[in-house]
2 protein chains.
Amino acid sequence: MKIVIVGAVAGGASAAARARRLDEDAEIILIERGEAPSFANCGLPYFIGGVIPKRDDLLVAPKQRLIDRYRLDVRTRTEVISIDRKQKTVAVRNLETDESYDLPYDKLILSPGASPLRPPIPGADLPGVMTLRDLHDADRMQEIVATADAAVIIGAGFIGLEMAENLVHRGLKTTVVELADQILPPWDAEMVVPVAEHLRQNGVELRLADAAESIEQNGDAMQVRLKSGEVVPANLVVMSVGVRPENTLAVESGLEVGARGGIQVNPQMQTSDADIYAVGDAVEVRHFVDGSPIQIPLGGPANRQGRIAADHIFGRNSTYRGTQGTAIVGLFDMAVAMTGLSEKWLEAAKQPYEKVYVHPKNHAGYYPGAESLTIKVLFHPDSGKLLGAQVVGRNGVDKRVDVLAVAIQAGMTVYDLEEMELAYAPQFGSAKDPINMAGFVAAGVLRGDQPIGHMANLKASTEADRPFVLDVRSPQEFAAGHIDGAVNIPIEQLRTRLDELPRDQSIATYCQVGQRGYLATRLLLQRDFKVVNLSGGFVTYQRSMG
Amino acid sequence: MKIVIVGAVAGGASAAARARRLDEDAEIILIERGEAPSFANCGLPYFIGGVIPKRDDLLVAPKQRLIDRYRLDVRTRTEVISIDRKQKTVAVRNLETDESYDLPYDKLILSPGASPLRPPIPGADLPGVMTLRDLHDADRMQEIVATADAAVIIGAGFIGLEMAENLVHRGLKTTVVELADQILPPWDAEMVVPVAEHLRQNGVELRLADAAESIEQNGDAMQVRLKSGEVVPANLVVMSVGVRPENTLAVESGLEVGARGGIQVNPQMQTSDADIYAVGDAVEVRHFVDGSPIQIPLGGPANRQGRIAADHIFGRNSTYRGTQGTAIVGLFDMAVAMTGLSEKWLEAAKQPYEKVYVHPKNHAGYYPGAESLTIKVLFHPDSGKLLGAQVVGRNGVDKRVDVLAVAIQAGMTVYDLEEMELAYAPQFGSAKDPINMAGFVAAGVLRGDQPIGHMANLKASTEADRPFVLDVRSPQEFAAGHIDGAVNIPIEQLRTRLDELPRDQSIATYCQVGQRGYLATRLLLQRDFKVVNLSGGFVTYQRSMG
């Protein structure tokens with residue numbers, strides 16, 4: 001068995017190692033355009049920022065180890081330039097020597113990855129305008145950063161924002177320009193409001209709903225001209241507006257690709273040619289939750305896909321279950337994470353959903369250092385089946401999103417969140433964990449115990465259908481800020497002041513995060529008022545209206 | 001509807017709040033022997049240690065709030081002394097005034113908790129010998145600690161060890177005496193070896209497999225005489241050898257209790273009297289995994305049980321699904337956690353199981369601060385269904401145990417662990433998360449890809465059946481310590497040195513944590529050797545033999 005693997009990062013490297021473990025005698029040739037196989041691409045921004053001090057630390061499976069331990073034929077600085085599917089050969093070029101040769105294969109695995117997009121604006125080809133994909137890019141950026149004063153980052157996705165944090169660490173005045181009116185476009189807008197605020201507080205200049213129109217060289221520096229008219233000087237411009245699957249080899253050899261360019265594969269990771277597999281950021285996969293075709297560049301799925309391709313080559317029926325879209329980004333000691341579908345996705349797909357917001361502490365409030373998390377849970381309005389979740393805060397974000405990711409994998413409902421028996425000691429959680437709290441609220445909505453309303457709907461309401469807005473917080477909290485037009489009756493006084501509430505108008509009640517609002521809702525429902533609790537309370541209001 | 005609730009911490013308080021939300025008109029009387037309802041009993045050791053500086057922080061739902069918000073009739077410093085089930089009344093005594101009266105109920109909820117055991121050794125009644133249960137105990141201990149030099153803690157469970165940490169923080173020479181030959185008896189012995197070591201390094205004196213035989217007053221201080229003959233001076237002795245369900249009321253009124261004294265309840269938390277419910281640490285529940293009757297004092301389950309009792313009173317069919325035994329304890333920046341069944345439990349119950357150990361980093365190794373975790377997963381040897389898990393390390397322990405707890409709740413298998421799509425960024429995890437790693441190893445065992453052996457079996461092997469022990473680490477690692485009698489062939493040389501291995505004897509291979517051993521196992525299996533990989537490698541060996 002002769003296996004040729006194109007691309008030696010994540011999916012390709014995993015496929016190679018798995019293939020060796022399954023067959024001591026297979027010939028396994030791992031071809032990599034760059035200088036190193038299996039490098040830590042997620043670590044590149046932190047290498048540039050000096051957080052990861054040693055470049056060698058990024059080489060997670062050094063070439064010699066792959067050769068010595070796995071007996072792989074590793075060819076770096078080598079490119080596959082075409083595939084001859086009939087002959088089952090690939091044409092290969094050594095980028096060092098420019099020598100070319102043909103290589104036969106029994107099975108071919110494509111793991112070419114995705115390349116950063118470079119918007120075709122004037123000046124995009126200036127030498128100080130870069131994208132970040134590999135060690136070579138990182139080396140060059142580090143060189144520029146050493147003497148730079150300012151940077152502009154175009155695109156406020158993962159990599160753009162991680163770069164922003166790291167450039168601020170390196171002392172650069174850093175401006176991030178994003179076309180959308182929010183950072184991190186895969187997340188729902190209200191969930192990333194506190195992160196944007198946190199970035200600004202840490203010195204990142206954010207320009208949302210704006211765009212770079214041109215870049216001009218101006219002596220040693222550049223000038224980035226924005227659509228808004230602003231001109232931002234920079235010694236480094238990083239383009240991080242997204243990636244495009246590297247499908248050239250696939251397209252040129254007639255393999256099927258999806259609408260957005262991803263190589264199409266079956267659950268065994270076979271392309272439209274049964275002897276050619278494709279894995280990683282270059283492929284189109286199915287979303288685990290709703291089965292939609294998607295391209296989500298993520299390291300975990302790439303590794304699993306590589307493993308599955310190797311399994312299938314050796315006659316095993318491993319199948320890829322789809323990508324769930326679990327992702328996290330850490331920014332200046334905050335973290336924001338998601339799993340499953342977002343609300344904007346569900347909206348666009350016109351799928352039915354309900355949602356709740358909770359803002360509990362990450363661990364017992366009585367133990368020092370407790371901080372608020374925000375959890376948004378999206379679920380089916382009938383069955384309660386979990387569809388997606390997003391979490392933002394500081395410590396404990398990664399834990400909660402992982403718990404929710406497993407719950408989605410298991411096909412669980414919001415009722416299961418109520419029951420979860422999670423580890424509790426005061427440093428780590430609460431007897432009612434934030435996950436339980438989200439479950440209580442969501443299940444309460446489905447059981448009819450707690451009809452909820454949403455801030456976005458309140459904002460969109462007209463004079464005619466606007467509810468009576470009841471704030472059940474303390475007068476002090478009310479005075480410090482409240483929803484326009486709200487009437488304040490503290491929860492403690494509500495029972496004796498029911499005559500101040502309308503019988504002929506629906507009531508929307510709220511408190512700071514939702515708990516007193518829940519109690520008010522229960523109370524008023526039992527007194528035959530028409531009432532909803534505004535989910536997430538004033539905290540959600542502030543973010544939604546921001 | 002008139003509901004009387006006995007005990008206002010955790011389960012009792014949850015039942016009361018839930019009852020009010022379900023019925024605005026119910027009369028709800030919450031009776032508490034102590035001075036405060038709903039205090040944070042898990043915070044008491046940290047209050048004594050000064051970590052939680054303000055006593056008021058421990059009052060999570062202050063009495064006045066319960067009265068004002070929930071319109072509860074809260075009677076603190078009040079005790080229920082008997083139940084008249086025929087008349088449906090309880091006899092109540094006000095501990096402040098000594099006044100007694102009868103109180104009728106429609107439904108009674110018992111949430112009396114569990115009281116610390118006090119072994120009847122000579123001197124156990126000295127004033128400096130204490131147990132820790134409530135705020136009053138904590139106040140007294142804090143007073144003693146202020147002028148104390150030394151403390152002895154009897155019992156190395158959760159509370160004993162949390163107390164030890166906190167007393168060390170307060171500058172006391174602290175000795176913990178434990179009858180078992182390990183700390184934290186619910187855990188498997190090898191999993192807590194690094195925690196015991198960590199406690200010692202932080203100044204805690206541990207006396208395992210020892211016991212206090214007597215305590216004598218000696219002027220201002222006491223002397224604790226151990227079975228081993230050692231005499232340890234102490235100004236404070238804390239008894240933390242376990243708890244006993246407070247079942248007196250239940251027993252005296254003829255309610256059924258289990259073999260170990262726990263009040264017996266159905267899944268709706270009803271006792272053998274349908275009008276009397278019981279919740280929390282005083283009840284016997286079913287273990288979620290195997291259905292055994294158990295008593296596990298945990299805050300989360302107590303709260304859920306309280307909620308369920310209230311639900312059932314108001315005609316809702318909530319049911320308790322059993323307790324899973326998810327628990328965590330943090331000790332000097334280490335953490336050790338478990339969920340589901342332990343190996344010792346499975347052994348004692350003679351249930352079939354297999355186990356694996358992995359020692360991965362808590363997050364990407366290339367990102368600064370990565371530290372090893374140890375994860376032990378117990379699973380069914382045929383189906384792979386998860387039975388239990390234990391995790392020890394520093395950061396990330398709580399996350400992994402919660403993920404495993406949800407997986408057990410969902411009835412997942414080790415194959416599902418392989419597939420989990422958890423949140424990965426270099427600060428938070430790895431593209432192959434520790435959970436995935438555990439899944440890969442366990443599923444590999446079940447698929448026959450990786451037969452494993454266990455250190456305990458190796459230790460127990462006789463001359464006749466002892467395998468050939470093959471160490472595939474580097475010569476440097478081998479020189480620094482290895483299994484007695486092992487032969488060293490580094491993995492990189494194994495393919496060319498096969499003739500040094502026996503064909504007529506089984507081989508047990510190992511490396512540092514298991515990964516090179518896995519590769520060696522795959523290689524040797526394909527060359528027709530009889531081989532197992534010793535699970536967890538040399539790290540597990542060192543702990544198992546310790």
# chains A, B, ... in the order shown; residues from 1 in each chain; ligands from 1

call {"tool": "interface_residues", "arguments": {"of": "chain A", "to": "chain B", "cutoff": "7 Å", "atoms": "only C-alpha atoms", "output": "PyMOL selection string"}}
result
chain A and resi 21+24+42-43+52+57-58+68-69+299-300+324+326-329+366-368+398-399+402-403+405-407+410+420-426+428+431-432+491-492+519+522-523+526

call {"tool": "residues_around", "arguments": {"residues": "Leu44 (chain A)", "least_positions_apart": "4", "cutoff": "8 Å", "atoms": "only C-alpha atoms", "output": "PyMOL selection string"}}
result
chain A and resi 40+48+58+132+134-135+138

call {"tool": "atom_distance", "arguments": {"atom1": "CA of Arg316 (chain B)", "atom2": "CA of Asp528 (chain A)"}}
result
20.5 Å

call {"tool": "select_by_dssp", "arguments": {"residues": "region 170-278 of chain A", "states": "strand (DSSP E)", "output": "ChimeraX atom specification"}}
result
/A:173-177,204-207,212-218,221-226,231-234,236-239,243-245,263-264,276-278

call {"tool": "write_last_selection", "arguments": {"atoms": "C-alpha atoms", "output": "PDB file, in the first residue's frame"}}
result
ATOM      1  CA  LYS A 173      -0.696  50.997  18.439  1.00  0.00           C
ATOM      2  CA  THR A 174      -3.140  48.543  16.944  1.00  0.00           C
ATOM      3  CA  THR A 175      -6.307  49.253  14.986  1.00  0.00           C
ATOM      4  CA  VAL A 176      -8.750  46.557  13.912  1.00  0.00           C
ATOM      5  CA  VAL A 177     -11.053  47.302  10.992  1.00  0.00           C
ATOM      6  CA  VAL A 204      -7.121  48.004  20.850  1.00  0.00           C
ATOM      7  CA  GLU A 205      -8.689  50.547  18.505  1.00  0.00           C
ATOM      8  CA  LEU A 206     -11.800  49.041  16.959  1.00  0.00           C
ATOM      9  CA  ARG A 207     -13.367  50.343  13.768  1.00  0.00           C
ATOM     10  CA  ALA A 212     -10.059  49.528   4.357  1.00  0.00           C
ATOM     11  CA  GLU A 213     -10.374  51.119   0.923  1.00  0.00           C
ATOM     12  CA  SER A 214      -6.727  51.531   0.058  1.00  0.00           C
ATOM     13  CA  ILE A 215      -3.237  51.289   1.454  1.00  0.00           C
ATOM     14  CA  GLU A 216      -0.475  53.660   0.428  1.00  0.00           C
ATOM     15  CA  GLN A 217       3.215  53.525   1.117  1.00  0.00           C
ATOM     16  CA  ASN A 218       4.395  56.690   2.823  1.00  0.00           C
ATOM     17  CA  ALA A 221       5.253  53.457   6.889  1.00  0.00           C
ATOM     18  CA  MET A 222       1.917  52.934   5.202  1.00  0.00           C
ATOM     19  CA  GLN A 223      -1.360  54.758   5.405  1.00  0.00           C
ATOM     20  CA  VAL A 224      -4.577  52.789   5.505  1.00  0.00           C
ATOM     21  CA  ARG A 225      -7.532  54.766   4.197  1.00  0.00           C
ATOM     22  CA  LEU A 226     -10.881  53.662   5.605  1.00  0.00           C
ATOM     23  CA  VAL A 231      -6.537  57.488   7.640  1.00  0.00           C
ATOM     24  CA  VAL A 232      -4.582  55.170   9.915  1.00  0.00           C
ATOM     25  CA  PRO A 233      -0.792  54.968   9.775  1.00  0.00           C
ATOM     26  CA  ALA A 234       0.774  51.524  10.086  1.00  0.00           C
ATOM     27  CA  LEU A 236       2.292  46.418   9.397  1.00  0.00           C
ATOM     28  CA  VAL A 237      -1.078  45.596   7.875  1.00  0.00           C
ATOM     29  CA  VAL A 238      -2.459  42.143   8.598  1.00  0.00           C
ATOM     30  CA  MET A 239      -5.204  40.817   6.339  1.00  0.00           C
ATOM     31  CA  VAL A 243      -9.827  31.869   4.435  1.00  0.00           C
ATOM     32  CA  ARG A 244     -10.516  30.088   1.191  1.00  0.00           C
ATOM     33  CA  PRO A 245     -10.136  26.302   0.854  1.00  0.00           C
ATOM     34  CA  ILE A 263     -13.748  19.764  -1.536  1.00  0.00           C
ATOM     35  CA  GLN A 264     -16.743  17.465  -1.218  1.00  0.00           C
ATOM     36  CA  ILE A 276      -8.583  10.203  -3.128  1.00  0.00           C
ATOM     37  CA  TYR A 277      -9.473  11.427   0.325  1.00  0.00           C
ATOM     38  CA  ALA A 278      -9.586  14.992   1.545  1.00  0.00           C
TER      39      ALA A 278
END

call {"tool": "residues_around", "arguments": {"residues": "Asn362 (chain A)", "least_positions_apart": "6", "cutoff": "7 Å", "atoms": "only C-alpha atoms", "output": "list in words"}}
result
Ala370, Glu371, Ser372, Leu373, Asn395, Gly396, Gly429 and Pro434 of chain A

call {"tool": "residues_around", "arguments": {"residues": "region 508-514 of chain B", "least_positions_apart": "4", "cutoff": "8 Å", "atoms": "only C-alpha atoms", "output": "list of chain:residue names"}}
result
B:Val358, B:His359, B:Gly453, B:Pro467, B:Phe468, B:Val469, B:Leu470, B:Asp471, B:Val472, B:Arg473, B:Tyr518, B:Ala520, B:Thr521, B:Val531, B:Val532, B:Asn533, B:Leu534, B:Ser535, B:Gly536, B:Gly537, B:Phe538, B:Val539, B:Thr540

call {"tool": "closest_residue", "arguments": {"among": "A:Asp137, A:Ala443, A:Lys530, A:Glu27", "to": "Leu103 (chain A)", "atoms": "only C-alpha atoms"}}
result
A:Glu27

call {"tool": "closest_residue", "arguments": {"among": "A:Pro112, A:Pro62, A:Gly157, A:Gly280", "to": "Leu184 (chain A)", "atoms": "only C-alpha atoms"}}
result
A:Gly157

call {"tool": "residues_around", "arguments": {"residues": "region 11-13 of chain A", "least_positions_apart": "5", "cutoff": "7 Å", "atoms": "only C-alpha atoms", "output": "PDB file with C-alpha atoms, in the first residue's frame"}}
result
ATOM      1  CA  ILE A   5      -0.455  12.679   1.716  1.00  0.00           C
ATOM      2  CA  VAL A   6      -0.484  16.285   0.528  1.00  0.00           C
ATOM      3  CA  SER A  38       2.850  19.444  11.963  1.00  0.00           C
ATOM      4  CA  SER A 111      -4.853  18.002   3.365  1.00  0.00           C
ATOM      5  CA  VAL A 279      -9.463  16.268   5.127  1.00  0.00           C
ATOM      6  CA  GLY A 280      -9.135  19.468   7.112  1.00  0.00           C
ATOM      7  CA  ALA A 302      -9.057  18.208  10.950  1.00  0.00           C
ATOM      8  CA  ASN A 303      -7.229  15.721  13.159  1.00  0.00           C
ATOM      9  CA  GLN A 305     -10.825  13.548   9.698  1.00  0.00           C
ATOM     10  CA  GLY A 306      -7.217  12.521   9.047  1.00  0.00           C
TER      11      GLY A 306
END

call {"tool": "residues_around", "arguments": {"residues": "Ala309 (chain A)", "least_positions_apart": "2", "cutoff": "7 Å", "atoms": "only C-alpha atoms", "output": "NGL selection string"}}
result
:A and (15 or 268-269 or 277 or 305-307 or 311-313)

call {"tool": "residues_around", "arguments": {"residues": "Ala209 (chain A)", "least_positions_apart": "6", "cutoff": "10 Å", "atoms": "only C-alpha atoms", "output": "list in words"}}
result
Val177, Glu178, Leu179, Ala180, Asp181, Gln182, Ile183, Lys227 and Ser228 of chain A

call {"tool": "select_by_dssp", "arguments": {"residues": "region 177-386 of chain B", "states": "alpha helix (DSSP H)", "output": "PyMOL selection string"}}
result
chain B and resi 189-201+248-252+299-313+343-348

call {"tool": "write_last_selection", "arguments": {"atoms": "C-alpha atoms", "output": "mmCIF file, in the first residue's frame"}}
result
data_model
loop_
_atom_site.group_PDB
_atom_site.id
_atom_site.type_symbol
_atom_site.label_atom_id
_atom_site.label_comp_id
_atom_site.auth_asym_id
_atom_site.auth_seq_id
_atom_site.Cartn_x
_atom_site.Cartn_y
_atom_site.Cartn_z
ATOM 1 C CA ALA B 189 -5.561 5.092 45.830
ATOM 2 C CA GLU B 190 -3.188 5.672 42.907
ATOM 3 C CA MET B 191 -5.113 8.781 41.797
ATOM 4 C CA VAL B 192 -4.537 10.676 45.019
ATOM 5 C CA VAL B 193 -0.823 9.874 45.372
ATOM 6 C CA PRO B 194 0.223 13.195 43.768
ATOM 7 C CA VAL B 195 -2.245 15.082 45.973
ATOM 8 C CA ALA B 196 -0.813 13.553 49.142
ATOM 9 C CA GLU B 197 2.658 14.476 47.924
ATOM 10 C CA HIS B 198 1.471 18.017 47.218
ATOM 11 C CA LEU B 199 -0.052 18.331 50.685
ATOM 12 C CA ARG B 200 3.225 17.257 52.247
ATOM 13 C CA GLN B 201 5.164 19.717 50.112
ATOM 14 C CA THR B 248 -33.849 10.695 64.505
ATOM 15 C CA LEU B 249 -37.120 12.394 63.600
ATOM 16 C CA ALA B 250 -37.675 9.943 60.780
ATOM 17 C CA VAL B 251 -36.878 6.850 62.833
ATOM 18 C CA GLU B 252 -38.925 7.971 65.824
ATOM 19 C CA GLY B 299 -24.894 20.225 47.578
ATOM 20 C CA GLY B 300 -26.067 19.952 43.989
ATOM 21 C CA PRO B 301 -28.175 16.821 44.501
ATOM 22 C CA ALA B 302 -29.644 18.274 47.715
ATOM 23 C CA ASN B 303 -30.848 21.348 45.845
ATOM 24 C CA ARG B 304 -32.348 19.280 43.035
ATOM 25 C CA GLN B 305 -34.095 17.005 45.496
ATOM 26 C CA GLY B 306 -35.650 19.994 47.257
ATOM 27 C CA ARG B 307 -36.978 21.230 43.967
ATOM 28 C CA ILE B 308 -38.401 17.821 43.101
ATOM 29 C CA ALA B 309 -40.183 17.466 46.428
ATOM 30 C CA ALA B 310 -41.853 20.851 45.938
ATOM 31 C CA ASP B 311 -42.767 19.950 42.364
ATOM 32 C CA HIS B 312 -44.426 16.748 43.470
ATOM 33 C CA ILE B 313 -46.385 18.470 46.207
ATOM 34 C CA GLU B 343 -12.504 1.099 40.634
ATOM 35 C CA LYS B 344 -12.660 0.070 44.266
ATOM 36 C CA TRP B 345 -16.457 0.248 44.103
ATOM 37 C CA LEU B 346 -16.553 -1.843 40.921
ATOM 38 C CA GLU B 347 -14.143 -4.353 42.464
ATOM 39 C CA ALA B 348 -16.212 -4.673 45.618
#

call {"tool": "closest_residue", "arguments": {"among": "A:Arg75, A:Lys86, A:Lys63, A:Arg497", "to": "Asp275 (chain A)", "atoms": "only C-alpha atoms"}}
result
A:Lys86
